[in-house]
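*Asks:* Got entry_18.cif for you, mmCIF, C-alpha atoms and all ligand atoms:
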```
data_query
loop_
_atom_site.label_atom_id
_atom_site.label_comp_id
_atom_site.auth_asym_id
_atom_site.auth_seq_id
_atom_site.Cartn_x
_atom_site.Cartn_y
_atom_site.Cartn_z
CA MET A 1 80.80 -27.59 -18.42
CA THR A 2 77.81 -29.89 -18.19
CA SER A 3 78.77 -32.76 -15.93
CA SER A 4 76.42 -35.06 -14.17
CA PHE A 5 77.15 -37.29 -11.24
CA PRO A 6 78.76 -40.40 -12.74
CA SER A 7 76.62 -42.93 -10.90
CA ASN A 8 72.86 -43.14 -11.09
CA ARG A 9 71.89 -42.54 -7.51
CA SER A 10 68.39 -43.93 -7.82
CA ALA A 11 69.47 -47.15 -9.53
CA PRO A 12 68.90 -50.27 -7.43
CA SER A 13 72.10 -51.54 -5.86
CA PRO A 14 72.66 -54.54 -3.60
CA VAL A 15 74.41 -52.33 -1.06
CA TYR A 16 72.20 -49.25 -1.24
CA PRO A 17 68.67 -50.24 -2.20
CA MET A 18 67.51 -46.73 -1.31
CA ARG A 19 68.63 -43.34 -2.57
CA ARG A 20 72.32 -42.93 -1.86
CA PRO A 21 73.44 -40.15 0.47
CA ILE A 22 74.60 -36.83 -0.98
CA TYR A 23 78.39 -37.00 -1.26
CA LEU A 24 80.12 -34.15 0.58
CA ASP A 25 83.44 -35.80 1.40
CA CYS A 26 85.54 -34.57 -1.52
CA GLN A 27 88.68 -34.04 0.59
CA SER A 28 88.71 -37.82 1.23
CA THR A 29 88.32 -38.78 -2.39
CA THR A 30 86.33 -37.72 -5.44
CA PRO A 31 84.28 -39.68 -7.96
CA LEU A 32 85.99 -40.41 -11.26
CA ASP A 33 84.94 -37.97 -13.97
CA PRO A 34 83.29 -39.99 -16.77
CA ALA A 35 85.62 -38.30 -19.29
CA VAL A 36 88.59 -39.63 -17.32
CA LEU A 37 87.27 -43.17 -17.37
CA GLU A 38 86.73 -42.92 -21.11
CA ALA A 39 90.34 -41.81 -21.66
CA MET A 40 91.63 -44.72 -19.54
CA LEU A 41 89.61 -47.59 -21.03
CA PRO A 42 91.67 -48.34 -24.20
CA TYR A 43 94.80 -48.77 -22.07
CA PHE A 44 93.29 -51.66 -20.13
CA THR A 45 92.43 -53.59 -23.27
CA GLU A 46 93.92 -53.07 -26.78
CA ALA A 47 96.73 -50.74 -25.74
CA PHE A 48 97.96 -52.92 -22.90
CA GLY A 49 101.68 -52.82 -23.74
CA ASN A 50 104.50 -52.17 -21.29
CA PRO A 51 105.76 -48.63 -21.90
CA ALA A 52 109.28 -49.94 -21.30
CA SER A 53 109.07 -52.48 -24.18
CA ASN A 54 110.85 -50.69 -26.99
CA SER A 55 110.95 -53.52 -29.54
CA HIS A 56 107.33 -53.50 -30.72
CA SER A 57 104.29 -51.31 -31.34
CA TYR A 58 102.44 -52.40 -28.17
CA GLY A 59 105.20 -50.87 -26.12
CA TRP A 60 105.52 -47.77 -28.33
CA GLU A 61 101.82 -47.06 -28.07
CA ALA A 62 101.86 -47.24 -24.26
CA ALA A 63 105.09 -45.22 -24.12
CA ALA A 64 103.53 -42.49 -26.29
CA ALA A 65 100.52 -42.28 -23.96
CA VAL A 66 102.78 -42.03 -20.90
CA LYS A 67 104.91 -39.37 -22.61
CA LEU A 68 101.88 -37.21 -23.37
CA ALA A 69 100.51 -37.67 -19.83
CA ARG A 70 103.86 -36.67 -18.35
CA GLU A 71 103.88 -33.51 -20.50
CA GLN A 72 100.34 -32.59 -19.44
CA ILE A 73 101.01 -33.06 -15.73
CA ALA A 74 104.31 -31.15 -15.95
CA ALA A 75 102.59 -28.28 -17.80
CA ALA A 76 99.97 -27.99 -15.05
CA ILE A 77 102.66 -27.03 -12.50
CA HIS A 78 105.12 -25.28 -14.89
CA ALA A 79 107.64 -28.12 -14.63
CA ARG A 80 109.48 -30.06 -17.34
CA PRO A 81 108.27 -33.57 -18.26
CA GLU A 82 111.52 -35.22 -17.12
CA GLU A 83 110.92 -33.79 -13.62
CA ILE A 84 107.77 -35.90 -13.08
CA VAL A 85 108.25 -39.25 -11.27
CA PHE A 86 105.11 -41.40 -11.24
CA THR A 87 104.21 -43.01 -7.90
CA SER A 88 101.23 -44.85 -6.43
CA GLY A 89 99.88 -41.60 -4.94
CA ALA A 90 100.75 -38.75 -2.63
CA THR A 91 101.64 -41.02 0.31
CA GLU A 92 104.41 -42.64 -1.71
CA ALA A 93 105.48 -39.30 -3.20
CA ASN A 94 105.80 -37.80 0.30
CA ASN A 95 107.80 -40.80 1.51
CA LEU A 96 110.13 -40.56 -1.48
CA ALA A 97 110.59 -36.81 -1.04
CA ILE A 98 111.27 -36.95 2.70
CA LYS A 99 113.27 -40.17 3.11
CA GLY A 100 114.90 -39.70 -0.29
CA THR A 101 116.29 -36.25 0.50
CA ALA A 102 117.28 -37.32 4.02
CA GLU A 103 119.35 -40.19 2.66
CA ALA A 104 120.90 -38.24 -0.21
CA ASN A 105 121.92 -35.19 1.83
CA LEU A 106 123.47 -36.73 4.95
CA ALA A 107 126.63 -34.69 4.40
CA LYS A 108 124.68 -31.46 4.73
CA GLY A 109 122.71 -32.24 7.88
CA ARG A 110 119.98 -34.10 9.68
CA HIS A 111 117.43 -31.40 10.43
CA MET A 112 114.01 -31.02 8.78
CA VAL A 113 111.18 -28.54 9.32
CA THR A 114 107.49 -29.22 8.83
CA LEU A 115 104.07 -28.16 10.15
CA ALA A 116 102.05 -29.64 13.01
CA THR A 117 99.02 -29.70 10.67
CA GLU A 118 100.55 -31.82 7.89
CA HIS A 119 98.93 -35.04 6.65
CA SER A 120 100.13 -38.22 8.37
CA ALA A 121 101.85 -39.14 5.09
CA VAL A 122 104.32 -36.32 5.88
CA LEU A 123 104.36 -36.51 9.68
CA ASP A 124 104.90 -40.28 9.87
CA PRO A 125 107.94 -40.42 7.52
CA MET A 126 109.35 -37.52 9.60
CA ARG A 127 108.73 -39.46 12.84
CA TYR A 128 110.43 -42.44 11.26
CA LEU A 129 113.48 -40.31 10.44
CA GLN A 130 113.52 -39.16 14.06
CA THR A 131 114.05 -42.77 15.13
CA LEU A 132 117.12 -42.79 12.85
CA GLY A 133 118.61 -39.76 14.58
CA PHE A 134 117.17 -36.90 12.54
CA GLU A 135 115.93 -33.79 14.27
CA ILE A 136 112.45 -32.69 13.22
CA THR A 137 110.92 -29.29 13.95
CA ALA A 138 107.12 -29.43 13.58
CA LEU A 139 106.13 -25.76 13.61
CA PRO A 140 102.87 -24.67 15.23
CA VAL A 141 100.33 -22.75 13.14
CA GLU A 142 98.39 -19.60 14.00
CA PRO A 143 94.73 -19.84 15.15
CA ASP A 144 93.66 -19.38 11.49
CA GLY A 145 95.73 -22.42 10.46
CA LEU A 146 98.39 -20.46 8.59
CA LEU A 147 102.13 -20.64 9.12
CA ASP A 148 103.82 -17.55 10.60
CA LEU A 149 106.79 -16.94 8.27
CA GLY A 150 108.79 -15.43 11.12
CA LYS A 151 108.56 -18.73 12.99
CA LEU A 152 109.74 -20.60 9.92
CA GLU A 153 112.69 -18.24 9.48
CA ALA A 154 113.67 -18.70 13.13
CA ALA A 155 113.59 -22.49 12.75
CA LEU A 156 115.97 -22.69 9.77
CA ARG A 157 119.56 -23.74 10.51
CA ASP A 158 122.77 -24.47 8.63
CA ASP A 159 122.06 -28.19 8.87
CA THR A 160 118.43 -27.91 7.69
CA VAL A 161 118.05 -30.19 4.69
CA LEU A 162 114.35 -29.92 3.92
CA VAL A 163 111.31 -27.78 4.64
CA SER A 164 108.01 -29.58 4.00
CA VAL A 165 104.85 -27.46 4.07
CA MET A 166 101.58 -28.54 2.49
CA ALA A 167 99.84 -26.43 -0.17
CA ALA A 168 96.26 -26.95 1.05
CA ASN A 169 95.16 -28.61 4.26
CA ASN A 170 92.94 -31.66 3.88
CA GLU A 171 90.82 -30.92 6.96
CA ILE A 172 90.41 -27.15 7.17
CA GLY A 173 91.38 -26.26 3.59
CA VAL A 174 93.79 -23.43 4.45
CA LEU A 175 96.33 -22.47 1.78
CA GLN A 176 99.88 -21.92 2.99
CA PRO A 177 102.00 -19.10 1.50
CA LEU A 178 104.07 -21.28 -0.84
CA ALA A 179 105.83 -18.50 -2.77
CA GLU A 180 107.05 -16.80 0.41
CA ILE A 181 108.27 -20.10 1.88
CA GLY A 182 109.96 -20.97 -1.41
CA ALA A 183 111.80 -17.66 -1.54
CA MET A 184 113.00 -18.09 2.06
CA CYS A 185 114.28 -21.62 1.38
CA ARG A 186 115.95 -20.69 -1.86
CA GLU A 187 117.86 -17.83 -0.27
CA ARG A 188 119.31 -20.32 2.23
CA GLN A 189 119.76 -23.19 -0.26
CA ILE A 190 117.34 -25.41 1.63
CA LEU A 191 115.12 -27.84 -0.29
CA PHE A 192 111.41 -27.03 -0.24
CA HIS A 193 108.86 -29.84 -0.53
CA THR A 194 105.12 -29.30 -0.70
CA ASP A 195 102.35 -31.88 -0.41
CA ALA A 196 99.93 -30.57 -3.05
CA ALA A 197 97.49 -33.50 -2.95
CA GLN A 198 94.56 -31.16 -2.22
CA ALA A 199 95.80 -28.31 -4.38
CA ILE A 200 96.56 -29.70 -7.83
CA ALA A 201 94.12 -28.30 -10.40
CA LYS A 202 92.27 -26.49 -7.59
CA ILE A 203 94.59 -23.49 -7.12
CA PRO A 204 97.37 -22.16 -9.39
CA LEU A 205 100.68 -23.95 -8.74
CA ASP A 206 103.98 -22.89 -10.32
CA VAL A 207 107.16 -24.66 -9.26
CA GLN A 208 109.28 -21.92 -10.86
CA ALA A 209 107.59 -18.84 -9.43
CA MET A 210 107.17 -20.56 -6.04
CA ASN A 211 110.74 -21.95 -5.89
CA ILE A 212 109.54 -25.45 -5.15
CA SER A 213 112.09 -28.31 -5.17
CA LEU A 214 109.69 -31.23 -4.70
CA MET A 215 105.91 -31.48 -5.02
CA SER A 216 103.65 -34.45 -4.21
CA LEU A 217 100.56 -35.00 -6.34
CA THR A 218 97.70 -37.49 -6.46
CA ALA A 219 94.89 -38.12 -8.96
CA HIS A 220 91.99 -39.25 -6.79
CA LYS A 221 91.30 -35.91 -5.09
CA VAL A 222 90.78 -34.30 -8.48
CA TYR A 223 88.30 -36.71 -10.16
CA GLY A 224 91.02 -39.10 -11.31
CA PRO A 225 91.65 -42.74 -10.37
CA LYS A 226 93.02 -43.95 -7.03
CA GLY A 227 96.46 -45.53 -6.86
CA ILE A 228 98.34 -43.03 -9.02
CA GLY A 229 100.25 -39.85 -8.26
CA ALA A 230 103.60 -38.24 -8.85
CA LEU A 231 106.54 -36.50 -7.27
CA TYR A 232 107.89 -33.44 -9.05
CA VAL A 233 111.68 -33.45 -8.61
CA ARG A 234 113.56 -30.30 -9.67
CA ARG A 235 116.40 -31.17 -12.04
CA LYS A 236 117.93 -27.74 -12.55
CA ALA A 237 118.80 -24.61 -10.61
CA PRO A 238 119.44 -26.42 -8.34
CA ARG A 239 119.17 -30.14 -9.09
CA VAL A 240 117.62 -32.06 -6.17
CA GLN A 241 119.62 -34.98 -4.81
CA LEU A 242 117.25 -37.83 -4.04
CA ALA A 243 117.83 -41.47 -3.05
CA PRO A 244 115.30 -43.94 -4.51
CA GLN A 245 113.15 -45.85 -2.03
CA LEU A 246 112.03 -48.57 -4.45
CA HIS A 247 114.84 -50.37 -6.28
CA GLY A 248 114.42 -52.56 -9.31
CA GLY A 249 114.26 -52.14 -13.07
CA GLY A 250 115.43 -48.52 -12.98
CA HIS A 251 112.21 -46.94 -14.22
CA GLU A 252 111.60 -43.20 -13.80
CA ARG A 253 115.33 -42.39 -14.14
CA GLY A 254 116.11 -44.84 -11.38
CA LEU A 255 114.02 -42.93 -8.84
CA ARG A 256 111.04 -45.29 -8.76
CA SER A 257 111.24 -48.78 -10.19
CA GLY A 258 108.16 -50.69 -11.26
CA THR A 259 106.25 -51.12 -14.52
CA LEU A 260 104.32 -47.96 -15.26
CA TYR A 261 100.56 -48.25 -14.79
CA THR A 262 99.51 -46.80 -18.16
CA PRO A 263 95.70 -46.54 -17.72
CA GLN A 264 96.06 -44.82 -14.34
CA ILE A 265 98.71 -42.44 -15.69
CA VAL A 266 96.50 -41.52 -18.65
CA GLY A 267 93.55 -40.98 -16.28
CA PHE A 268 95.67 -38.88 -13.93
CA ALA A 269 96.73 -36.57 -16.78
CA LYS A 270 93.19 -36.31 -18.12
CA ALA A 271 91.88 -35.43 -14.67
CA VAL A 272 94.55 -32.77 -14.13
CA SER A 273 94.00 -31.27 -17.60
CA LEU A 274 90.23 -31.11 -17.11
CA GLY A 275 90.70 -29.57 -13.67
CA VAL A 276 93.13 -26.91 -14.85
CA VAL A 277 90.84 -25.80 -17.71
CA GLN A 278 87.88 -25.21 -15.40
CA MET A 279 89.86 -24.20 -12.29
CA ALA A 280 88.91 -20.52 -12.04
CA VAL A 281 85.24 -20.95 -12.93
CA GLU A 282 84.85 -24.00 -10.70
CA ALA A 283 86.53 -22.29 -7.72
CA GLU A 284 84.04 -19.46 -8.06
CA ARG A 285 81.06 -21.85 -8.26
CA LEU A 286 82.22 -23.97 -5.31
CA GLY A 287 83.09 -20.90 -3.24
CA SER A 288 79.59 -19.52 -3.64
CA LEU A 289 77.96 -22.89 -2.81
CA ARG A 290 80.20 -23.19 0.25
CA ASP A 291 79.30 -19.67 1.39
CA ARG A 292 75.62 -20.39 0.80
CA LEU A 293 75.85 -23.45 3.07
CA HIS A 294 77.73 -21.47 5.74
CA ARG A 295 75.26 -18.56 5.55
CA THR A 296 72.26 -20.86 5.89
CA LEU A 297 73.71 -22.53 9.00
CA LEU A 298 74.83 -19.35 10.78
CA PRO A 299 71.40 -18.52 12.29
CA LEU A 300 71.74 -21.73 14.36
CA GLY A 301 74.28 -19.83 16.47
CA GLY A 302 77.28 -21.38 18.21
CA ILE A 303 79.01 -22.17 14.92
CA ILE A 304 82.76 -21.74 14.67
CA LEU A 305 84.60 -21.72 11.34
CA ASN A 306 87.81 -23.73 11.48
CA GLY A 307 90.58 -22.23 9.35
CA HIS A 308 91.21 -18.88 7.67
CA PRO A 309 88.01 -17.27 6.33
CA SER A 310 89.34 -16.51 2.84
CA GLN A 311 92.78 -18.14 2.41
CA ARG A 312 91.31 -21.62 1.80
CA LEU A 313 90.03 -24.11 -0.75
CA ALA A 314 86.74 -23.17 -2.39
CA GLY A 315 85.29 -26.65 -1.77
CA ASN A 316 86.01 -26.89 1.96
CA LEU A 317 83.93 -25.80 4.94
CA ASN A 318 84.94 -27.05 8.38
CA LEU A 319 82.63 -26.05 11.21
CA SER A 320 82.44 -26.78 14.94
CA PHE A 321 78.93 -26.88 16.42
CA GLU A 322 78.82 -25.79 20.05
CA GLY A 323 76.80 -27.99 22.36
CA VAL A 324 76.57 -30.89 19.94
CA ASP A 325 78.22 -34.29 20.03
CA GLY A 326 79.94 -34.62 16.64
CA GLN A 327 79.45 -38.37 16.44
CA ALA A 328 75.75 -38.06 17.19
CA LEU A 329 75.47 -35.35 14.53
CA LEU A 330 77.27 -37.46 11.96
CA LEU A 331 75.07 -40.43 12.81
CA ALA A 332 71.89 -38.36 12.48
CA LEU A 333 73.04 -37.14 9.05
CA GLN A 334 74.36 -40.48 7.78
CA PRO A 335 71.32 -41.59 5.77
CA THR A 336 71.18 -38.36 3.78
CA VAL A 337 74.72 -37.01 3.53
CA ALA A 338 78.21 -38.55 3.44
CA LEU A 339 80.56 -36.43 5.56
CA SER A 340 83.66 -36.65 7.74
CA SER A 341 84.05 -35.37 11.26
CA GLY A 342 86.92 -33.65 13.00
CA SER A 343 87.98 -36.77 14.74
CA ALA A 344 89.48 -39.97 13.47
CA CYS A 345 89.32 -43.53 14.58
CA THR A 346 92.89 -44.46 15.34
CA SER A 347 93.42 -47.96 16.70
CA ALA A 348 89.75 -48.34 17.61
CA LYS A 349 89.48 -45.28 19.82
CA MET A 350 88.26 -41.83 18.82
CA GLU A 351 90.83 -39.08 18.85
CA PRO A 352 90.24 -35.43 18.10
CA SER A 353 91.96 -34.27 14.92
CA HIS A 354 95.57 -33.10 15.33
CA VAL A 355 94.80 -30.26 12.90
CA LEU A 356 91.95 -28.87 15.02
CA GLY A 357 94.16 -29.30 18.09
CA ALA A 358 96.90 -27.28 16.37
CA ILE A 359 94.55 -24.34 15.72
CA GLY A 360 93.58 -24.34 19.38
CA ARG A 361 90.23 -26.12 19.37
CA GLU A 362 89.73 -27.93 22.65
CA ALA A 363 88.71 -31.59 22.39
CA ALA A 364 84.97 -30.95 22.84
CA LEU A 365 84.83 -28.53 19.90
CA ALA A 366 87.10 -30.73 17.80
CA TYR A 367 84.75 -33.67 18.36
CA ALA A 368 81.83 -31.40 17.44
CA SER A 369 83.23 -30.51 14.03
CA ILE A 370 82.13 -31.50 10.55
CA ARG A 371 84.04 -31.18 7.29
CA PHE A 372 81.88 -30.38 4.29
CA GLY A 373 83.83 -31.28 1.14
CA LEU A 374 82.11 -29.94 -1.97
CA GLY A 375 83.11 -30.95 -5.48
CA ARG A 376 82.49 -30.87 -9.21
CA PHE A 377 79.22 -32.80 -9.00
CA THR A 378 77.76 -30.93 -6.01
CA THR A 379 74.60 -28.99 -6.91
CA GLU A 380 72.82 -26.07 -5.29
CA THR A 381 69.80 -28.31 -4.62
CA GLU A 382 72.03 -30.73 -2.72
CA ILE A 383 73.55 -27.91 -0.67
CA ASP A 384 70.09 -26.65 0.27
CA GLN A 385 69.00 -30.15 1.27
CA VAL A 386 72.13 -30.64 3.38
CA ALA A 387 71.68 -27.26 5.06
CA GLU A 388 68.11 -28.18 6.07
CA GLN A 389 69.19 -31.59 7.38
CA VAL A 390 72.06 -30.13 9.40
CA LYS A 391 69.86 -27.42 10.88
CA ALA A 392 67.21 -29.95 11.91
CA ALA A 393 69.79 -32.36 13.36
CA VAL A 394 71.65 -29.68 15.33
CA MET A 395 68.44 -28.25 16.78
CA ALA A 396 67.23 -31.72 17.76
CA LEU A 397 70.54 -32.60 19.42
CA ARG A 398 70.69 -29.29 21.29
CA ALA A 399 67.09 -29.58 22.52
C1 LIG A 401 94.85 -37.61 0.37
C2 LIG A 401 96.09 -36.96 0.83
C3 LIG A 401 97.30 -37.66 0.88
C4 LIG A 401 97.40 -39.12 0.52
O1 LIG A 401 97.30 -39.30 -0.86
P1 LIG A 401 97.16 -40.77 -1.47
O2 LIG A 401 97.27 -40.52 -2.94
O3 LIG A 401 95.81 -41.26 -1.07
O4 LIG A 401 98.27 -41.59 -0.95
C5 LIG A 401 98.41 -36.98 1.29
N1 LIG A 401 98.36 -35.68 1.63
C6 LIG A 401 97.22 -34.98 1.61
C7 LIG A 401 97.23 -33.54 2.00
C8 LIG A 401 96.04 -35.60 1.21
O5 LIG A 401 94.91 -34.90 1.21
#
```
Do you think you could lay out the structure here as structure tokens?
*Replies:*
Amino acid sequence: MTSSFPSNRSAPSPVYPMRRPIYLDCQSTTPLDPAVLEAMLPYFTEAFGNPASNSHSYGWEAAAAVKLAREQIAAAIHARPEEIVFTSGATEANNLAIKGTAEANLAKGRHMVTLATEHSAVLDPMRYLQTLGFEITALPVEPDGLLDLGKLEAALRDDTVLVSVMAANNEIGVLQPLAEIGAMCRERQILFHTDAAQAIAKIPLDVQAMNISLMSLTAHKVYGPKGIGALYVRRKAPRVQLAPQLHGGGHERGLRSGTLYTPQIVGFAKAVSLGVVQMAVEAERLGSLRDRLHRTLLPLGGIILNGHPSQRLAGNLNLSFEGVDGQALLLALQPTVALSSGSACTSAKMEPSHVLGAIGREAALAYASIRFGLGRFTTETEIDQVAEQVKAAVMALRA
């Protein structure tokens, strides 16, 4: 695969007159693959029809593109096309999965189980349900970020409606044991939802083998466009009962009304297909770049890896730097490399990440953490440059 970074970094731009920083924030979002853009373009212009218009060729053409995209996305997770519900992204898919199963299964119970390290797009819908009288168990994780299956088993009850555990963590990259969780849920006839926003086309996903009932997907973490995603909803053995959260024209079998966004859907499918084809080779390449970065930084000393050393995404490296202020480090690196830290600005004040808190990092170390998110367009030269910059910045800040 010969890909080049889609934007010309040395081109003059009104915002960045200088060389743009090296992009290492691929767990936040990824650049669109040029091949994805190319696949999308005709559906903005000539092929602009509404896929729901069945009385003319404009509609048929758009409907055919959506049908193919649905088949491609379903195939990537071993689902059937009719089990894919298009949404605006993983946030909406998570909301539909969580609130939709809560509402449709009131007769069974009002208890749900999730992880303390989930994305806010899972935790916040759960908190909302709590205000409506639901009981939520947010399980702790082990120091390596993984769920202890014994703790999950102990948390399951007769009135448990849903278990929601993410496939890959967006901060520390750890991969949860989906197949084992799926088997446990299936045995007890409890629905199993997984937020796979960081996992699709990065690690193998199989809704059959893993006994997954619902899976949230998004395009923009895998070199597709923003604003499009999907919820996989199992229709057989057993069929998932789900209440729609957006009512209207009855699109997507009544589960998500709204005119389908054809160009985004086509781009989403193209991105997923491209990702699946190169998944194994790319994971190997990214894993070795990530390890190279880690290895180069280790001689600095006082570096702590956040998350399991091997059970994690190939493109993620989350490190805490002892004796360094994370904000100062980020600031020092800003001109040369685009990164995220282990803290987030919530309502104008800095708070250490809830994920790093859940794996036992005290606030100081959580503040002093950096997430390196490598991706398809990251090169070895860039990694070596970043390593040098980080080493210099850490030594200067510690001096
Ligand atoms: C990015 C992300 C989301 C949100 O996805 P959107 O498509 O941006 O709404 C949800 N969960 C995880 C784990 C993510 O990484």
*Asks:* Check every protein, DNA and RNA residue against ligand LIG 401 (chain A), keep those with an atom at most 10 Å away (counting only C-alpha atoms and all ligand atoms), and present them as an MDAnalysis selection string.
*Replies:* chainID A and resid 26:29 87:95 117:122 165:171 173 194:199 216:221 225:230
*Asks:* Write out as an MDAnalysis selection string which residues come within 12 Å of Ala366 of chain A when counting all atoms listed in the file, dropping same-chain ones fewer than 3 positions away.
*Replies:* chainID A and resid 171:172 304:306 318:327 341:344 350:363 369:371
*Asks:* Could you turn the residues from that selection into a file that holds C-alpha atoms, as a short mmCIF file (atom, residue, chain, number, x, y, z; two decimals), in the coordinates of the input?
*Replies:*
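This went into part-v7.cif:
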```cif
data_model
loop_
_atom_site.label_atom_id
_atom_site.label_comp_id
_atom_site.auth_asym_id
_atom_site.auth_seq_id
_atom_site.Cartn_x
_atom_site.Cartn_y
_atom_site.Cartn_z
CA GLU A 171 90.82 -30.92 6.96
CA ILE A 172 90.41 -27.15 7.17
CA ILE A 304 82.76 -21.74 14.67
CA LEU A 305 84.60 -21.72 11.34
CA ASN A 306 87.81 -23.73 11.48
CA ASN A 318 84.94 -27.05 8.38
CA LEU A 319 82.63 -26.05 11.21
CA SER A 320 82.44 -26.78 14.94
CA PHE A 321 78.93 -26.88 16.42
CA GLU A 322 78.82 -25.79 20.05
CA GLY A 323 76.80 -27.99 22.36
CA VAL A 324 76.57 -30.89 19.94
CA ASP A 325 78.22 -34.29 20.03
CA GLY A 326 79.94 -34.62 16.64
CA GLN A 327 79.45 -38.37 16.44
CA SER A 341 84.05 -35.37 11.26
CA GLY A 342 86.92 -33.65 13.00
CA SER A 343 87.98 -36.77 14.74
CA ALA A 344 89.48 -39.97 13.47
CA MET A 350 88.26 -41.83 18.82
CA GLU A 351 90.83 -39.08 18.85
CA PRO A 352 90.24 -35.43 18.10
CA SER A 353 91.96 -34.27 14.92
CA HIS A 354 95.57 -33.10 15.33
CA VAL A 355 94.80 -30.26 12.90
CA LEU A 356 91.95 -28.87 15.02
CA GLY A 357 94.16 -29.30 18.09
CA ALA A 358 96.90 -27.28 16.37
CA ILE A 359 94.55 -24.34 15.72
CA GLY A 360 93.58 -24.34 19.38
CA ARG A 361 90.23 -26.12 19.37
CA GLU A 362 89.73 -27.93 22.65
CA ALA A 363 88.71 -31.59 22.39
CA SER A 369 83.23 -30.51 14.03
CA ILE A 370 82.13 -31.50 10.55
CA ARG A 371 84.04 -31.18 7.29
#
```
*Asks:* Tell me which protein, DNA and RNA residues are within 10 Å of Leu156 of chain A, counting all atoms listed in the file, leaving out same-chain ones fewer than 3 positions away, and put them as number ranges by chain.
*Replies:* A: 111-113, 137, 151-153, 159-163, 184-185, 188, 190
*Asks:* Could you tell me how far atom CA of Leu132 of chain A lies from atom CA of Leu255 of chain A, in Å and to one decimal?
*Replies:* 21.9 Å
*Asks:* Smallest atom-to-atom distance to Pro143 of chain A: which of A:Asp124, A:Val174, A:Ala63, A:Glu187, using all atoms listed in the file?
*Replies:*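 Among the listed residues, the smallest separation from Pro143 of chain A belongs to A:Val174.
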*Asks:* Which residues are close to segment 263-280 of chain A, i.e. within 10 Å by all atoms listed in the file, leaving aside same-chain residues fewer than 4 positions away? Reply as number ranges by chain.
*Replies:* A: 1, 32-45, 47-48, 62, 65-77, 86-88, 200-204, 217-230, 284-285, 376
*Asks:* Could you check how far atom CA of Gln311 of chain A sits from atom CA of Leu175 of chain A, in Å to one decimal?
*Replies:*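 Computing it gives 5.6 Å between the two atoms.
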*Asks:* I'd like the box whose edges run along x, y and z of the file and which contains every listed atom of segment 322-336 of chain A, padded by 8 Å per side; could you state its centre and edge lengths in Å, one decimal, as JSON?
*Replies:*
```
{"center_x": 75.6, "center_y": -33.7, "center_z": 13.1, "size_x": 24.8, "size_y": 31.8, "size_z": 34.6}
```
*Asks:* Counting only C-alpha atoms, find residues at most 9 Å from (111.1, -39.3, 10.0) (file frame) and give them as a ChimeraX atom specification.
*Replies:* /A:98-99,102,112,122-136
